[in-house]
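**Student:** File model_32.cif below, mmCIF, C-alpha atoms:
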data_data
#
loop_
_atom_site.label_atom_id
_atom_site.label_comp_id
_atom_site.auth_asym_id
_atom_site.auth_seq_id
_atom_site.Cartn_x
_atom_site.Cartn_y
_atom_site.Cartn_z
CA MET A 1 -17.90 -12.52 11.65
CA HIS A 2 -21.20 -13.15 9.91
CA ASN A 3 -23.07 -10.11 8.70
CA ASP A 4 -26.03 -9.13 6.57
CA LEU A 5 -24.32 -6.08 5.14
CA ALA A 6 -24.97 -7.10 1.53
CA GLU A 7 -28.71 -7.58 2.14
CA ARG A 8 -29.06 -4.27 3.97
CA ARG A 9 -27.12 -2.49 1.24
CA ALA A 10 -29.22 -4.08 -1.51
CA ALA A 11 -32.41 -3.13 0.30
CA LEU A 12 -31.37 0.51 0.05
CA GLY A 13 -30.35 0.13 -3.59
CA TRP A 14 -26.76 1.07 -2.88
CA SER A 15 -23.80 -0.25 -4.77
CA GLN A 16 -20.67 -1.33 -2.92
CA ALA A 17 -18.97 1.82 -4.16
CA VAL A 18 -21.72 4.02 -2.72
CA LEU A 19 -21.54 2.30 0.64
CA ALA A 20 -17.75 2.56 0.62
CA GLU A 21 -17.93 6.28 -0.05
CA ARG A 22 -20.43 6.78 2.78
CA LEU A 23 -18.20 4.86 5.16
CA GLY A 24 -14.98 6.51 4.01
CA VAL A 25 -13.28 3.24 3.09
CA SER A 26 -12.29 1.52 -0.12
CA ARG A 27 -14.74 -0.53 -2.17
CA GLN A 28 -12.51 -3.58 -1.66
CA THR A 29 -12.96 -3.16 2.08
CA VAL A 30 -16.74 -3.33 1.70
CA ILE A 31 -16.39 -6.42 -0.49
CA SER A 32 -14.16 -8.16 2.06
CA ILE A 33 -16.47 -7.30 4.96
CA GLU A 34 -19.54 -8.61 3.12
CA ARG A 35 -17.73 -11.86 2.34
CA GLY A 36 -16.77 -12.23 5.99
CA ARG A 37 -13.05 -12.11 5.16
CA PHE A 38 -12.32 -8.85 6.95
CA ASP A 39 -13.63 -7.71 10.31
CA PRO A 40 -14.14 -3.94 10.56
CA SER A 41 -12.50 -1.89 13.26
CA LEU A 42 -14.72 -0.70 16.09
CA PRO A 43 -15.04 2.87 14.74
CA LEU A 44 -15.91 1.47 11.31
CA ALA A 45 -18.44 -0.94 12.82
CA PHE A 46 -20.13 1.99 14.58
CA ARG A 47 -20.22 3.94 11.33
CA ILE A 48 -21.74 0.97 9.53
CA ALA A 49 -24.41 0.68 12.19
CA ALA A 50 -25.13 4.40 11.99
CA VAL A 51 -25.42 4.32 8.18
CA PHE A 52 -28.01 1.53 8.35
CA GLY A 53 -29.75 2.86 11.46
CA ALA A 54 -29.20 -0.37 13.35
CA ARG A 55 -27.12 -1.70 16.23
CA ILE A 56 -23.79 -3.38 15.63
CA ASP A 57 -25.05 -6.71 17.02
CA GLU A 58 -28.00 -6.57 14.61
CA ILE A 59 -25.64 -6.40 11.65
CA PHE A 60 -22.71 -8.54 12.84
CA ALA A 61 -22.75 -11.89 14.59
CA PRO A 62 -19.81 -13.99 15.68
CA ALA A 63 -19.04 -17.08 13.66
CA ALA A 64 -19.63 -20.44 15.34
CA ASP A 65 -15.97 -20.86 16.30
CA ASP A 66 -15.80 -17.27 17.54
CA ALA A 67 -18.80 -17.55 19.86
CA PRO A 68 -17.81 -17.16 23.54
CA ALA A 69 -17.76 -20.37 25.49
CA THR A 70 -20.29 -20.50 28.33
CA ALA A 71 -18.70 -21.75 31.50
CA PRO A 72 -20.79 -24.05 33.74
CA LEU A 73 -22.20 -22.26 36.79
CA GLY A 74 -20.99 -23.11 40.27
CA MET B 1 -0.44 4.96 6.00
CA THR B 2 -1.91 5.30 2.52
CA ALA B 3 -2.65 8.48 0.67
CA THR B 4 -5.92 9.60 -0.80
CA PRO B 5 -5.57 10.79 -4.38
CA PRO B 6 -7.59 13.77 -5.59
CA ALA B 7 -11.11 13.18 -6.81
CA ALA B 8 -11.47 11.64 -10.25
CA GLY B 9 -13.16 14.75 -11.66
CA ALA B 10 -10.37 17.15 -10.61
CA ARG B 11 -8.39 19.11 -13.18
CA PRO B 12 -5.32 17.29 -14.47
CA PHE B 13 -2.13 18.52 -12.87
CA SER B 14 -0.34 19.16 -16.19
CA ARG B 15 1.46 22.31 -15.05
CA ASP B 16 2.55 20.68 -11.79
CA LEU B 17 3.68 17.60 -13.66
CA VAL B 18 5.80 19.63 -16.06
CA ARG B 19 7.30 21.47 -13.09
CA ALA B 20 8.13 18.15 -11.42
CA TRP B 21 9.83 16.86 -14.58
CA VAL B 22 11.84 20.06 -15.08
CA VAL B 23 12.96 20.27 -11.45
CA GLY B 24 13.76 16.57 -11.44
CA LEU B 25 15.82 16.92 -14.60
CA LEU B 26 17.71 19.92 -13.20
CA VAL B 27 18.49 18.15 -9.92
CA ALA B 28 19.59 14.98 -11.73
CA GLY B 29 21.74 17.11 -14.03
CA ALA B 30 23.31 18.87 -11.06
CA LEU B 31 24.14 15.54 -9.45
CA GLY B 32 25.56 14.29 -12.74
CA ALA B 33 27.66 17.42 -13.09
CA ALA B 34 28.97 17.06 -9.53
CA ALA B 35 29.91 13.45 -10.23
CA GLY B 36 31.50 14.44 -13.53
CA LEU B 37 33.62 17.12 -11.86
CA ALA B 38 35.01 14.42 -9.57
CA ARG B 39 36.32 12.64 -12.68
CA PRO B 40 37.15 15.41 -15.16
CA GLU B 41 38.93 13.04 -17.55
CA ASP B 42 35.60 11.33 -18.29
CA PHE B 43 33.34 14.25 -17.47
CA TRP B 44 30.65 13.77 -20.11
CA LEU B 45 30.48 10.00 -19.70
CA VAL B 46 30.18 10.23 -15.92
CA PHE B 47 27.74 13.16 -16.27
CA GLY B 48 25.53 11.20 -18.65
CA VAL B 49 25.50 7.98 -16.61
CA PHE B 50 24.89 9.69 -13.26
CA THR B 51 22.19 11.94 -14.70
CA ALA B 52 20.42 8.95 -16.25
CA CYS B 53 20.62 6.92 -13.05
CA CYS B 54 19.42 9.78 -10.83
CA LEU B 55 16.66 10.93 -13.19
CA GLY B 56 13.97 8.58 -11.90
CA PRO B 57 14.46 9.21 -8.17
CA CYS B 58 14.90 12.97 -8.75
CA ILE B 59 11.67 13.22 -10.70
CA GLY B 60 9.92 11.20 -8.02
CA LEU B 61 11.21 13.52 -5.32
CA ALA B 62 10.27 16.57 -7.36
CA TRP B 63 6.78 15.10 -7.86
CA LEU B 64 6.41 14.94 -4.09
CA VAL B 65 7.89 18.33 -3.27
CA VAL B 66 6.84 20.65 -6.12
CA GLY B 67 4.55 18.48 -8.24
CA PRO B 68 1.06 17.00 -7.87
CA GLY B 69 2.25 14.87 -4.95
CA ARG B 70 2.25 17.80 -2.59
CA ARG B 71 -1.56 17.89 -2.83
CA VAL B 72 -1.98 14.25 -1.87
CA GLN B 73 -3.59 14.00 1.55
CA ILE B 74 -2.79 11.27 3.99
CA ASP B 75 -5.88 9.17 4.58
CA ALA B 76 -6.66 9.28 8.30
CA ARG B 77 -8.75 6.14 7.94
CA ALA B 78 -6.16 4.10 6.05
CA GLN B 79 -5.97 1.56 8.87
CA GLU B 80 -9.63 0.70 8.31
CA ASN B 81 -9.03 -0.45 4.75
CA VAL B 82 -8.39 -4.08 3.96
CA GLU B 83 -5.56 -3.12 1.58
CA THR B 84 -3.58 -1.75 4.52
CA ARG B 85 -3.86 -5.06 6.29
CA TRP B 86 -2.68 -6.86 3.15
CA VAL B 87 0.39 -4.60 2.97
CA GLU B 88 1.18 -5.15 6.65
CA LYS B 89 0.79 -8.93 6.38
CA ALA B 90 2.87 -9.06 3.20
CA ALA B 91 5.61 -6.91 4.73
CA SER B 92 5.82 -8.92 7.94
CA GLY B 93 5.89 -12.18 5.99
CA ALA B 94 8.60 -10.85 3.71
CA LEU B 95 10.68 -9.81 6.71
CA PHE B 96 10.71 -13.34 8.09
CA ASP B 97 11.44 -14.73 4.62
CA VAL B 98 14.44 -12.36 4.29
CA LEU B 99 15.75 -13.44 7.68
CA ALA B 100 15.48 -17.11 6.75
CA ALA B 101 16.98 -16.58 3.30
CA ALA B 102 19.86 -14.50 4.66
CA GLY B 103 20.60 -17.15 7.25
CA LEU B 104 20.59 -19.93 4.67
CA LEU B 105 22.75 -17.84 2.32
CA ALA B 106 25.26 -17.11 5.08
CA ALA B 107 25.46 -20.81 5.90
CA ALA B 108 25.90 -21.75 2.25
CA MET B 109 28.60 -19.13 1.70
CA SER B 110 30.43 -20.32 4.79
CA ILE B 111 30.25 -24.00 3.83
CA LEU B 112 31.13 -23.46 0.21
CA GLY B 113 33.73 -20.78 0.90
CA LEU B 114 32.09 -18.30 -1.47
CA ASP B 115 33.36 -14.75 -1.64
CA VAL B 116 30.58 -12.49 -2.92
CA PRO B 117 30.93 -8.68 -2.94
CA GLY B 118 28.86 -6.93 -0.32
CA ASP B 119 27.03 -4.71 -2.80
CA VAL B 120 25.87 -7.81 -4.72
CA VAL B 121 24.59 -9.39 -1.52
CA LEU B 122 22.76 -6.22 -0.49
CA LEU B 123 21.23 -5.89 -3.95
CA GLY B 124 20.13 -9.50 -3.82
CA ILE B 125 18.51 -9.07 -0.40
CA TRP B 126 16.76 -5.90 -1.57
CA GLY B 127 15.48 -7.61 -4.71
CA PHE B 128 14.39 -10.71 -2.80
CA ALA B 129 12.47 -8.63 -0.25
CA LEU B 130 10.80 -6.66 -3.04
CA VAL B 131 9.74 -9.71 -5.03
CA ASP B 132 8.72 -11.69 -1.96
CA GLY B 133 6.65 -8.86 -0.52
CA GLY B 134 5.04 -8.21 -3.88
CA LEU B 135 4.15 -11.87 -4.35
CA ARG B 136 2.72 -12.13 -0.85
CA PHE B 137 0.57 -9.05 -1.46
CA ALA B 138 -0.64 -10.45 -4.78
CA VAL B 139 -1.57 -13.78 -3.17
CA LEU B 140 -3.44 -12.05 -0.34
CA ARG B 141 -5.34 -9.85 -2.76
CA HIS B 142 -6.25 -12.83 -4.96
CA ARG B 143 -7.28 -14.97 -2.02
CA GLU B 144 -9.27 -12.42 -0.05
CA ALA B 145 -10.68 -10.14 -2.75
#
If you convert what's in this file into structure tokens, what do you get?
**Tutor:**
Amino acid sequence: MHNDLAERRAALGWSQAVLAERLGVSRQTVISIERGRFDPSLPLAFRIAAVFGARIDEIFAPAADDAPATAPLG
Amino acid sequence: MTATPPAAGARPFSRDLVRAWVVGLLVAGALGAAAGLARPEDFWLVFGVFTACCLGPCIGLAWLVVGPGRRVQIDARAQENVETRWVEKAASGALFDVLAAAGLLAAAMSILGLDVPGDVVLLGIWGFALVDGGLRFAVLRHREA
């Protein structure tokens, strides 16, 4: 998953450790999410969205190979 | 499930730690004495060896039961941490490696007609699983950190 977690965090002046503490996860988890190497669980994704005051789909976007295939109509 | 240690600014658990060491030493000594009584002709030798071998596990158990470990809280959100996924992936990979290695070892022993004591085999499997799991975890952490 692509995400702009790092940009949103930097805009608030938070370190990764601060964000990790607010989310109740480890700092390494925040690092891995920002690098797109770890997808958060649904409860964690909701908490991330709540912390930044945004919707989940505004923060996270599927990668190109994860995007759902659109079936032809009819 | 991983545990959450106390906050960094908390008081050191020196009294609890001493209690854990003392209780661990007493329990290890009791086990050594029991083993020594089973072989009274070499009581002190058996007592010393058993006490030394049991000291580590007894102190660890005492740390959990009467020492600082009893204050460690289980992290309800451990599954949301990337480290938990690393441990799970490393453990599952190590399990399949142990199965493959045990199968190959059994085949080799059968072909070559080797006769290895069971305790050596079990120790070898335990050590292999430990090293393999540890290496897998280290690779995952290096690759994904």
**Student:** Using only C-alpha atoms, tabulate the residues of stretch 12-74 of chain A lying at most 12 Å from any atom of stretch 80-103 of chain B, each with its closest atom pair and that distance in Å to one decimal, by chain and increasing residue number, as a tab-separated table.
**Tutor:**
residue	atom	partner	partner_atom	distance
A:Ala20	CA	B:Asn81	CA	10.1
A:Leu23	CA	B:Glu80	CA	10.0
A:Gly24	CA	B:Glu80	CA	9.0
A:Val25	CA	B:Asn81	CA	5.9
A:Ser26	CA	B:Asn81	CA	6.2
A:Arg27	CA	B:Asn81	CA	9.0
A:Gln28	CA	B:Val82	CA	7.0
A:Thr29	CA	B:Val82	CA	5.0
A:Val30	CA	B:Val82	CA	8.7
A:Ile31	CA	B:Val82	CA	9.4
A:Ser32	CA	B:Val82	CA	7.3
A:Ile33	CA	B:Val82	CA	8.8
A:Gly36	CA	B:Val82	CA	11.9
A:Arg37	CA	B:Val82	CA	9.4
A:Phe38	CA	B:Val82	CA	6.9
A:Asp39	CA	B:Val82	CA	9.0
A:Pro40	CA	B:Glu80	CA	6.9
A:Ser41	CA	B:Glu80	CA	6.3
A:Leu42	CA	B:Glu80	CA	9.4
A:Pro43	CA	B:Glu80	CA	8.7
A:Leu44	CA	B:Glu80	CA	7.0
A:Ala45	CA	B:Glu80	CA	10.0
A:Arg47	CA	B:Glu80	CA	11.5
**Student:** Quick one: write out the picked residues with C-alpha atoms as a PDB file, in the coordinates of the input?
**Tutor:**
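So result25.pdb came out as:
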ATOM      1  CA  ALA A  20     -17.750   2.560   0.620  1.00  0.00           C
ATOM      2  CA  LEU A  23     -18.200   4.860   5.160  1.00  0.00           C
ATOM      3  CA  GLY A  24     -14.980   6.510   4.010  1.00  0.00           C
ATOM      4  CA  VAL A  25     -13.280   3.240   3.090  1.00  0.00           C
ATOM      5  CA  SER A  26     -12.290   1.520  -0.120  1.00  0.00           C
ATOM      6  CA  ARG A  27     -14.740  -0.530  -2.170  1.00  0.00           C
ATOM      7  CA  GLN A  28     -12.510  -3.580  -1.660  1.00  0.00           C
ATOM      8  CA  THR A  29     -12.960  -3.160   2.080  1.00  0.00           C
ATOM      9  CA  VAL A  30     -16.740  -3.330   1.700  1.00  0.00           C
ATOM     10  CA  ILE A  31     -16.390  -6.420  -0.490  1.00  0.00           C
ATOM     11  CA  SER A  32     -14.160  -8.160   2.060  1.00  0.00           C
ATOM     12  CA  ILE A  33     -16.470  -7.300   4.960  1.00  0.00           C
ATOM     13  CA  GLY A  36     -16.770 -12.230   5.990  1.00  0.00           C
ATOM     14  CA  ARG A  37     -13.050 -12.110   5.160  1.00  0.00           C
ATOM     15  CA  PHE A  38     -12.320  -8.850   6.950  1.00  0.00           C
ATOM     16  CA  ASP A  39     -13.630  -7.710  10.310  1.00  0.00           C
ATOM     17  CA  PRO A  40     -14.140  -3.940  10.560  1.00  0.00           C
ATOM     18  CA  SER A  41     -12.500  -1.890  13.260  1.00  0.00           C
ATOM     19  CA  LEU A  42     -14.720  -0.700  16.090  1.00  0.00           C
ATOM     20  CA  PRO A  43     -15.040   2.870  14.740  1.00  0.00           C
ATOM     21  CA  LEU A  44     -15.910   1.470  11.310  1.00  0.00           C
ATOM     22  CA  ALA A  45     -18.440  -0.940  12.820  1.00  0.00           C
ATOM     23  CA  ARG A  47     -20.220   3.940  11.330  1.00  0.00           C
TER      24      ARG A  47
END
**Student:** Would you write out, as a list of chain:residue names, every residue that the PyMOL selection byres ((chain B and resi 50) around 8) captures in this file?
**Tutor:**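 For this structure, the PyMOL selection byres ((chain B and resi 50) around 8) resolves to B:Ala28, B:Leu31, B:Gly32, B:Ala35, B:Val46, B:Phe47, B:Gly48, B:Val49, B:Thr51, B:Ala52, B:Cys53, B:Cys54.
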**Student:** Rounded to one decimal place, report the atom CA of B:Val120-atom CA of B:Ala108 distance in Å.
**Tutor:** 15.6 Å
**Student:** Separation of atom CA of A:Ile59 and atom CA of B:Ala76, in Å?
**Tutor:**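 It comes out at 24.8 Å.
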**Student:** Can you list, as a PyMOL selection string, every protein, DNA or RNA residue that comes within 12 Å of A:Ala6 when you count only C-alpha atoms, leaving out same-chain residues fewer than 3 positions away?
**Tutor:** chain A and resi 2-3+9-16+19+30-36+48+52+59-60
**Student:** Identify which of the residues B:Ala78, B:Val18, B:Ala129, B:Val121 lies closest to chain A, counting only C-alpha atoms when measuring atom-to-atom distances.
**Tutor:**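 For chain A, the nearest of the given residues is B:Ala78.
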**Student:** Selection in question (the file shown): the PyMOL selection byres ((chain B and resi 61-64) around 8). Which residues does it include, as a list in words?
**Tutor:**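 For this structure, the PyMOL selection byres ((chain B and resi 61-64) around 8) captures Leu17, Ala20, Trp21, Val23, Gly24, Pro57, Cys58, Ile59, Gly60, Val65, Val66, Gly67, Pro68, Gly69 and Arg70 of chain B.
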**Student:** What separation in Å, quoted to one decimal, exists between atom CA of B:Phe128 and atom CA of B:Gln79?
**Tutor:** 26.5 Å
**Student:** Find the axis-aligned box for stretch 1-20 of chain A, covering all its listed atoms and adding 5 Å on each side, and write its centre and edge lengths in Å to one decimal as AutoDock Vina command-line options.
**Tutor:**
--center_x -25.1 --center_y -4.6 --center_z 3.4 --size_x 24.7 --size_y 27.2 --size_z 26.4
**Student:** Between B:Ala138, B:Asp115, B:Glu41, B:Asp75, which is the closest to chain A once you count only C-alpha atoms?
**Tutor:** B:Asp75
